[in-house]
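Data file: input-v6.cif. Format and content: mmCIF, C-alpha atoms; chains and numbers go by the auth columns.
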data_data
loop_
_atom_site.group_PDB
_atom_site.id
_atom_site.type_symbol
_atom_site.label_atom_id
_atom_site.label_comp_id
_atom_site.label_asym_id
_atom_site.label_seq_id
_atom_site.Cartn_x
_atom_site.Cartn_y
_atom_site.Cartn_z
_atom_site.B_iso_or_equiv
_atom_site.auth_seq_id
_atom_site.auth_asym_id
ATOM 1 C CA MET A 1 -8.317 13.462 1.855 0.00 1 J
ATOM 2 C CA VAL A 2 -7.375 12.427 -1.656 0.00 2 J
ATOM 3 C CA MET A 3 -8.425 9.291 -3.430 0.00 3 J
ATOM 4 C CA GLN A 4 -6.841 8.886 -6.795 0.00 4 J
ATOM 5 C CA ASN A 5 -7.310 6.119 -9.247 0.00 5 J
ATOM 6 C CA ILE A 6 -5.134 5.941 -12.327 0.00 6 J
ATOM 7 C CA GLU A 7 -6.942 2.872 -13.637 0.00 7 J
ATOM 8 C CA SER A 8 -10.292 2.104 -12.075 0.00 8 J
ATOM 9 C CA PRO A 9 -10.228 -1.118 -10.132 0.00 9 J
ATOM 10 C CA SER A 10 -12.629 -3.754 -11.316 0.00 10 J
ATOM 11 C CA PRO A 11 -15.968 -3.770 -9.497 0.00 11 J
ATOM 12 C CA THR A 12 -15.215 -6.686 -7.171 0.00 12 J
ATOM 13 C CA LYS A 13 -16.689 -5.403 -3.953 0.00 13 J
ATOM 14 C CA GLY A 14 -15.963 -7.921 -1.257 0.00 14 J
ATOM 15 C CA LYS A 15 -13.604 -10.031 -3.375 0.00 15 J
ATOM 16 C CA ILE A 16 -9.836 -10.082 -3.682 0.00 16 J
ATOM 17 C CA ASP A 17 -8.842 -7.783 -6.506 0.00 17 J
ATOM 18 C CA ASP A 18 -5.678 -9.399 -7.815 0.00 18 J
ATOM 19 C CA LYS A 19 -4.909 -6.397 -10.000 0.00 19 J
ATOM 20 C CA THR A 20 -5.261 -3.474 -7.582 0.00 20 J
ATOM 21 C CA ILE A 21 -2.553 -2.096 -5.312 0.00 21 J
ATOM 22 C CA LEU A 22 -3.535 0.272 -2.510 0.00 22 J
ATOM 23 C CA VAL A 23 -1.014 3.054 -1.874 0.00 23 J
ATOM 24 C CA VAL A 24 -1.391 4.879 1.454 0.00 24 J
ATOM 25 C CA GLU A 25 0.683 8.063 1.416 0.00 25 J
ATOM 26 C CA ASP A 26 -0.212 11.438 2.922 0.00 26 J
ATOM 27 C CA ASP A 27 2.269 13.305 0.686 0.00 27 J
ATOM 28 C CA THR A 28 0.207 13.421 -2.503 0.00 28 J
ATOM 29 C CA SER A 29 3.200 14.198 -4.728 0.00 29 J
ATOM 30 C CA ILE A 30 4.950 11.000 -3.597 0.00 30 J
ATOM 31 C CA GLY A 31 1.732 9.001 -3.680 0.00 31 J
ATOM 32 C CA THR A 32 0.856 10.205 -7.178 0.00 32 J
ATOM 33 C CA LEU A 33 4.353 9.349 -8.416 0.00 33 J
ATOM 34 C CA LEU A 34 4.080 5.810 -7.015 0.00 34 J
ATOM 35 C CA VAL A 35 0.580 5.268 -8.410 0.00 35 J
ATOM 36 C CA GLU A 36 1.623 6.490 -11.861 0.00 36 J
ATOM 37 C CA ALA A 37 4.793 4.347 -11.836 0.00 37 J
ATOM 38 C CA LEU A 38 2.779 1.264 -10.861 0.00 38 J
ATOM 39 C CA ALA A 39 0.203 1.937 -13.588 0.00 39 J
ATOM 40 C CA MET A 40 2.860 2.468 -16.270 0.00 40 J
ATOM 41 C CA GLU A 41 5.411 -0.183 -15.287 0.00 41 J
ATOM 42 C CA THR A 42 3.281 -3.054 -13.990 0.00 42 J
ATOM 43 C CA PRO A 43 0.103 -4.871 -15.068 0.00 43 J
ATOM 44 C CA TYR A 44 -1.591 -3.550 -11.904 0.00 44 J
ATOM 45 C CA SER A 45 -3.837 -0.593 -11.289 0.00 45 J
ATOM 46 C CA ALA A 46 -3.169 1.479 -8.197 0.00 46 J
ATOM 47 C CA MET A 47 -5.313 3.571 -5.910 0.00 47 J
ATOM 48 C CA LEU A 48 -4.029 6.337 -3.657 0.00 48 J
ATOM 49 C CA VAL A 49 -5.507 7.217 -0.271 0.00 49 J
ATOM 50 C CA THR A 50 -3.984 9.736 2.122 0.00 50 J
ATOM 51 C CA ASP A 51 -4.637 8.381 5.610 0.00 51 J
ATOM 52 C CA GLY A 52 -4.892 5.108 7.473 0.00 52 J
ATOM 53 C CA MET A 53 -8.567 5.302 8.355 0.00 53 J
ATOM 54 C CA GLN A 54 -9.482 5.925 4.726 0.00 54 J
ATOM 55 C CA ALA A 55 -7.259 2.974 3.770 0.00 55 J
ATOM 56 C CA LEU A 56 -9.167 0.662 6.120 0.00 56 J
ATOM 57 C CA ASN A 57 -12.476 1.640 4.533 0.00 57 J
ATOM 58 C CA VAL A 58 -11.219 1.282 0.973 0.00 58 J
ATOM 59 C CA ALA A 59 -9.342 -1.979 1.627 0.00 59 J
ATOM 60 C CA CYS A 60 -12.458 -3.703 2.919 0.00 60 J
ATOM 61 C CA ASN A 61 -14.293 -2.816 -0.289 0.00 61 J
ATOM 62 C CA ILE A 62 -11.654 -3.580 -2.921 0.00 62 J
ATOM 63 C CA LYS A 63 -9.447 -6.129 -1.094 0.00 63 J
ATOM 64 C CA PRO A 64 -6.240 -5.220 -2.944 0.00 64 J
ATOM 65 C CA CYS A 65 -3.443 -7.642 -3.810 0.00 65 J
ATOM 66 C CA LEU A 66 -0.789 -5.419 -2.170 0.00 66 J
ATOM 67 C CA PHE A 67 -0.628 -2.609 0.397 0.00 67 J
ATOM 68 C CA ILE A 68 2.051 0.037 0.153 0.00 68 J
ATOM 69 C CA THR A 69 1.968 2.372 3.126 0.00 69 J
ATOM 70 C CA ASP A 70 3.949 5.214 4.553 0.00 70 J
ATOM 71 C CA TYR A 71 4.861 4.840 8.222 0.00 71 J
ATOM 72 C CA TRP A 72 3.960 8.402 9.254 0.00 72 J
ATOM 73 C CA LEU A 73 0.276 8.913 8.460 0.00 73 J
ATOM 74 C CA PRO A 74 -2.512 11.039 9.899 0.00 74 J
ATOM 75 C CA HIS A 75 -4.769 9.328 12.499 0.00 75 J
ATOM 76 C CA ILE A 76 -2.948 5.964 12.665 0.00 76 J
ATOM 77 C CA ASN A 77 0.594 5.114 11.606 0.00 77 J
ATOM 78 C CA GLY A 78 1.523 2.500 9.014 0.00 78 J
ATOM 79 C CA LEU A 79 2.200 -0.216 11.590 0.00 79 J
ATOM 80 C CA GLU A 80 -1.164 0.308 13.269 0.00 80 J
ATOM 81 C CA LEU A 81 -2.775 0.195 9.828 0.00 81 J
ATOM 82 C CA TYR A 82 -0.944 -3.049 9.048 0.00 82 J
ATOM 83 C CA ASP A 83 -2.031 -4.599 12.361 0.00 83 J
ATOM 84 C CA ARG A 84 -5.663 -3.673 11.722 0.00 84 J
ATOM 85 C CA LEU A 85 -5.514 -5.040 8.174 0.00 85 J
ATOM 86 C CA GLN A 86 -3.995 -8.287 9.484 0.00 86 J
ATOM 87 C CA ALA A 87 -6.879 -8.602 11.933 0.00 87 J
ATOM 88 C CA THR A 88 -9.329 -8.531 9.016 0.00 88 J
ATOM 89 C CA LYS A 89 -9.922 -12.087 7.821 0.00 89 J
ATOM 90 C CA ASP A 90 -9.939 -11.384 4.070 0.00 90 J
ATOM 91 C CA LEU A 91 -6.890 -9.099 4.245 0.00 91 J
ATOM 92 C CA ALA A 92 -4.629 -11.037 6.621 0.00 92 J
ATOM 93 C CA ASP A 93 -2.500 -12.576 3.868 0.00 93 J
ATOM 94 C CA THR A 94 -2.119 -9.425 1.777 0.00 94 J
ATOM 95 C CA PRO A 95 1.572 -8.508 1.393 0.00 95 J
ATOM 96 C CA THR A 96 2.578 -5.084 2.677 0.00 96 J
ATOM 97 C CA ILE A 97 5.430 -2.699 1.994 0.00 97 J
ATOM 98 C CA ILE A 98 6.037 0.031 4.570 0.00 98 J
ATOM 99 C CA MET A 99 8.152 3.052 3.713 0.00 99 J
ATOM 100 C CA SER A 100 9.609 5.941 5.664 0.00 100 J
ATOM 101 C CA ALA A 101 12.722 8.026 6.107 0.00 101 J
ATOM 102 C CA TYR A 102 12.803 6.634 9.663 0.00 102 J
ATOM 103 C CA LEU A 103 11.651 3.037 9.647 0.00 103 J
ATOM 104 C CA PRO A 104 11.007 1.339 12.996 0.00 104 J
ATOM 105 C CA GLU A 105 13.297 -1.580 12.105 0.00 105 J
ATOM 106 C CA GLN A 106 12.477 -3.813 15.102 0.00 106 J
ATOM 107 C CA GLU A 107 8.726 -3.534 14.577 0.00 107 J
ATOM 108 C CA ILE A 108 9.104 -4.245 10.863 0.00 108 J
ATOM 109 C CA LYS A 109 11.221 -7.354 11.542 0.00 109 J
ATOM 110 C CA LYS A 110 8.768 -8.551 14.189 0.00 110 J
ATOM 111 C CA ARG A 111 5.951 -8.417 11.618 0.00 111 J
ATOM 112 C CA ASN A 112 8.029 -9.776 8.696 0.00 112 J
ATOM 113 C CA LEU A 113 7.281 -6.685 6.636 0.00 113 J
ATOM 114 C CA ILE A 114 9.206 -5.314 3.700 0.00 114 J
ATOM 115 C CA GLY A 115 10.599 -1.893 4.609 0.00 115 J
ATOM 116 C CA LEU A 116 11.820 0.719 2.148 0.00 116 J
ATOM 117 C CA ASN A 117 13.837 3.676 3.357 0.00 117 J
ATOM 118 C CA LYS A 118 12.892 6.997 1.796 0.00 118 J
ATOM 119 C CA PRO A 119 14.230 8.276 -0.448 0.00 119 J
ATOM 120 C CA PHE A 120 14.437 5.169 -2.599 0.00 120 J
ATOM 121 C CA GLU A 121 15.045 4.555 -6.278 0.00 121 J
ATOM 122 C CA LEU A 122 11.889 3.968 -8.304 0.00 122 J
ATOM 123 C CA ASP A 123 13.483 0.901 -9.941 0.00 123 J
ATOM 124 C CA GLU A 124 14.170 -0.575 -6.489 0.00 124 J
ATOM 125 C CA PHE A 125 10.547 0.053 -5.497 0.00 125 J
ATOM 126 C CA LEU A 126 9.214 -1.608 -8.658 0.00 126 J
ATOM 127 C CA GLU A 127 11.519 -4.621 -8.152 0.00 127 J
ATOM 128 C CA VAL A 128 10.192 -5.142 -4.631 0.00 128 J
ATOM 129 C CA VAL A 129 6.593 -4.908 -5.870 0.00 129 J
ATOM 130 C CA GLU A 130 7.319 -7.384 -8.659 0.00 130 J
ATOM 131 C CA LYS A 131 8.926 -9.888 -6.259 0.00 131 J
ATOM 132 C CA LEU A 132 6.039 -9.689 -3.799 0.00 132 J
ATOM 133 C CA LEU A 133 3.416 -10.231 -6.480 0.00 133 J
ATOM 134 C CA ALA A 134 5.270 -12.863 -8.541 0.00 134 J
#

Translate this structure into structure tokens?
Amino acid sequence: MVMQNIESPSPTKGKIDDKTILVVEDDTSIGTLLVEALAMETPYSAMLVTDGMQALNVACNIKPCLFITDYWLPHINGLELYDRLQATKDLADTPTIIMSAYLPEQEIKKRNLIGLNKPFELDEFLEVVEKLLA
């Protein structure tokens, strides 16, 4: 398990952190790239976790402004993670981007999620993040 923080999120335990994005990606090279791009190209800090269960624990403590999750994760997949986050009162309205080389299109549409097919252009990724958080 890897937890990486490029910029430390503010100590807002239990409150919405409108400046922290939680990236859930089990491929640390991809996750690190996304976290670094977010830190350099946006006013947000980003935190990387490598599995869905870890994401649930972290999300309840920092309450990020955006979730970015891979679909294929250890323990629970990205859709299961999304469903569990939606069932949490303080996280139910948090926008979510799900990414994968093989996106389950019907499930994504059913949940009104933003899906990104891997590989994607970093500029495209940053545009989607910007639109969701505008």

With the PyMOL selection byres ((chain J and resi 88-95) around 9) as the selection, what would be picked from this file? Answer as JSON, numbers by chain, please. {"J": [14, 15, 16, 59, 60, 63, 64, 65, 66, 67, 68, 83, 84, 85, 86, 87, 96, 97, 113, 114, 132, 133]}

Using the chain letters and residue numbers of this document, give as a ChimeraX atom specification the residues selected by the PyMOL selection byres ((chain J and resi 104) around 12). /J:70-72,77-79,98-103,105-111,113-117

Do you know which residues are at most 12 Å from Glu121 (chain J) counting only C-alpha atoms, after dropping those on the same chain fewer than 6 positions away, and could you put them as a list in words? Leu33, Leu34, Ala37, Glu127 and Val128 of chain J

What does the structure give for the distance between CA of Ile62 (chain J) and CA of Thr50 (chain J), in Å to one decimal?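 Separation of CA of Ile62 (chain J) and CA of Thr50 (chain J): 16.2 Å.
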
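Selection by the PyMOL selection byres ((chain J and resi 22) around 6) on the present file picks out Ile21, Val23, Ala46, Met47 and Phe67 of chain J.
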
Using all atoms of region 71-89 of chain J listed in the file and a margin of 3 Å per side, can you give the axis-aligned box centre and edge lengths in Å to one decimal, as lines of an AutoDock Vina configuration file?
center_x = -2.5
center_y = -0.5
center_z = 10.5
size_x = 20.8
size_y = 29.1
size_z = 11.4

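You will find CA of Val49 (chain J) at 5.0 Å from CA of Val24 (chain J).
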
How many Å lie between CA of Asp51 (chain J) and CA of Ile76 (chain J), rounded to one decimal?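 Result for CA of Asp51 (chain J) versus CA of Ile76 (chain J): 7.6 Å, one decimal.
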
With N, CA and C atoms as the goal, would you fill in the gaps in region 45-78 of chain J and present it as a CSV table (one decimal), in the coordinates of the input?
chain,number,residue,atom,x,y,z
J,45,SER,N,-3.3,-1.9,-11.5
J,45,SER,CA,-3.8,-0.6,-11.3
J,45,SER,C,-3.5,-0.2,-9.8
J,46,ALA,N,-3.5,1.1,-9.6
J,46,ALA,CA,-3.2,1.5,-8.2
J,46,ALA,C,-4.1,2.6,-7.8
J,47,MET,N,-4.4,2.6,-6.5
J,47,MET,CA,-5.3,3.6,-5.9
J,47,MET,C,-4.6,4.2,-4.8
J,48,LEU,N,-4.7,5.6,-4.7
J,48,LEU,CA,-4.0,6.3,-3.7
J,48,LEU,C,-5.0,6.8,-2.6
J,49,VAL,N,-4.8,6.6,-1.4
J,49,VAL,CA,-5.5,7.2,-0.3
J,49,VAL,C,-4.5,7.9,0.6
J,50,THR,N,-4.9,8.9,1.4
J,50,THR,CA,-4.0,9.7,2.1
J,50,THR,C,-4.0,9.6,3.6
J,51,ASP,N,-4.7,8.6,4.2
J,51,ASP,CA,-4.6,8.4,5.6
J,51,ASP,C,-5.1,7.0,5.9
J,52,GLY,N,-4.7,6.5,7.1
J,52,GLY,CA,-4.9,5.1,7.5
J,52,GLY,C,-6.4,4.7,7.6
J,53,MET,N,-7.1,5.6,8.2
J,53,MET,CA,-8.6,5.3,8.4
J,53,MET,C,-9.3,5.1,7.0
J,54,GLN,N,-8.9,6.0,6.1
J,54,GLN,CA,-9.5,5.9,4.7
J,54,GLN,C,-9.0,4.6,4.1
J,55,ALA,N,-7.8,4.2,4.3
J,55,ALA,CA,-7.3,3.0,3.8
J,55,ALA,C,-8.0,1.8,4.3
J,56,LEU,N,-8.4,1.8,5.6
J,56,LEU,CA,-9.2,0.7,6.1
J,56,LEU,C,-10.5,0.5,5.4
J,57,ASN,N,-11.2,1.7,5.2
J,57,ASN,CA,-12.5,1.6,4.5
J,57,ASN,C,-12.4,1.1,3.1
J,58,VAL,N,-11.4,1.7,2.4
J,58,VAL,CA,-11.2,1.3,1.0
J,58,VAL,C,-10.8,-0.2,0.9
J,59,ALA,N,-9.9,-0.6,1.7
J,59,ALA,CA,-9.3,-2.0,1.6
J,59,ALA,C,-10.4,-3.0,1.8
J,60,CYS,N,-11.4,-2.8,2.7
J,60,CYS,CA,-12.5,-3.7,2.9
J,60,CYS,C,-13.4,-3.8,1.7
J,61,ASN,N,-13.4,-2.8,0.9
J,61,ASN,CA,-14.3,-2.8,-0.3
J,61,ASN,C,-13.6,-3.4,-1.5
J,62,ILE,N,-12.3,-3.1,-1.7
J,62,ILE,CA,-11.7,-3.6,-2.9
J,62,ILE,C,-10.7,-4.8,-2.7
J,63,LYS,N,-10.3,-5.0,-1.4
J,63,LYS,CA,-9.4,-6.1,-1.1
J,63,LYS,C,-8.3,-6.2,-2.1
J,64,PRO,N,-7.4,-5.3,-2.0
J,64,PRO,CA,-6.2,-5.2,-2.9
J,64,PRO,C,-5.3,-6.4,-2.8
J,65,CYS,N,-4.4,-6.6,-3.8
J,65,CYS,CA,-3.4,-7.6,-3.8
J,65,CYS,C,-2.2,-7.2,-3.1
J,66,LEU,N,-2.0,-5.9,-2.8
J,66,LEU,CA,-0.8,-5.4,-2.2
J,66,LEU,C,-1.1,-4.1,-1.5
J,67,PHE,N,-0.6,-3.9,-0.3
J,67,PHE,CA,-0.6,-2.6,0.4
J,67,PHE,C,0.8,-2.0,0.4
J,68,ILE,N,0.8,-0.7,0.1
J,68,ILE,CA,2.1,0.0,0.2
J,68,ILE,C,1.7,1.2,1.0
J,69,THR,N,2.3,1.3,2.2
J,69,THR,CA,2.0,2.4,3.1
J,69,THR,C,3.2,3.1,3.7
J,70,ASP,N,3.0,4.4,3.9
J,70,ASP,CA,3.9,5.2,4.6
J,70,ASP,C,3.8,4.9,6.0
J,71,TYR,N,4.9,5.1,6.8
J,71,TYR,CA,4.9,4.8,8.2
J,71,TYR,C,4.2,6.0,8.9
J,72,TRP,N,4.5,7.2,8.6
J,72,TRP,CA,4.0,8.4,9.3
J,72,TRP,C,2.7,8.8,8.5
J,73,LEU,N,1.6,8.6,9.1
J,73,LEU,CA,0.3,8.9,8.5
J,73,LEU,C,-0.6,9.7,9.5
J,74,PRO,N,-1.5,10.4,9.0
J,74,PRO,CA,-2.5,11.0,9.9
J,74,PRO,C,-3.4,10.0,10.5
J,75,HIS,N,-3.8,10.2,11.7
J,75,HIS,CA,-4.8,9.3,12.5
J,75,HIS,C,-4.1,8.1,13.1
J,76,ILE,N,-3.6,7.2,12.2
J,76,ILE,CA,-2.9,6.0,12.7
J,76,ILE,C,-1.7,5.8,11.8
J,77,ASN,N,-0.6,5.3,12.4
J,77,ASN,CA,0.6,5.1,11.6
J,77,ASN,C,0.5,3.8,10.8
J,78,GLY,N,1.5,3.6,9.9
J,78,GLY,CA,1.5,2.5,9.0
J,78,GLY,C,1.5,1.2,9.7
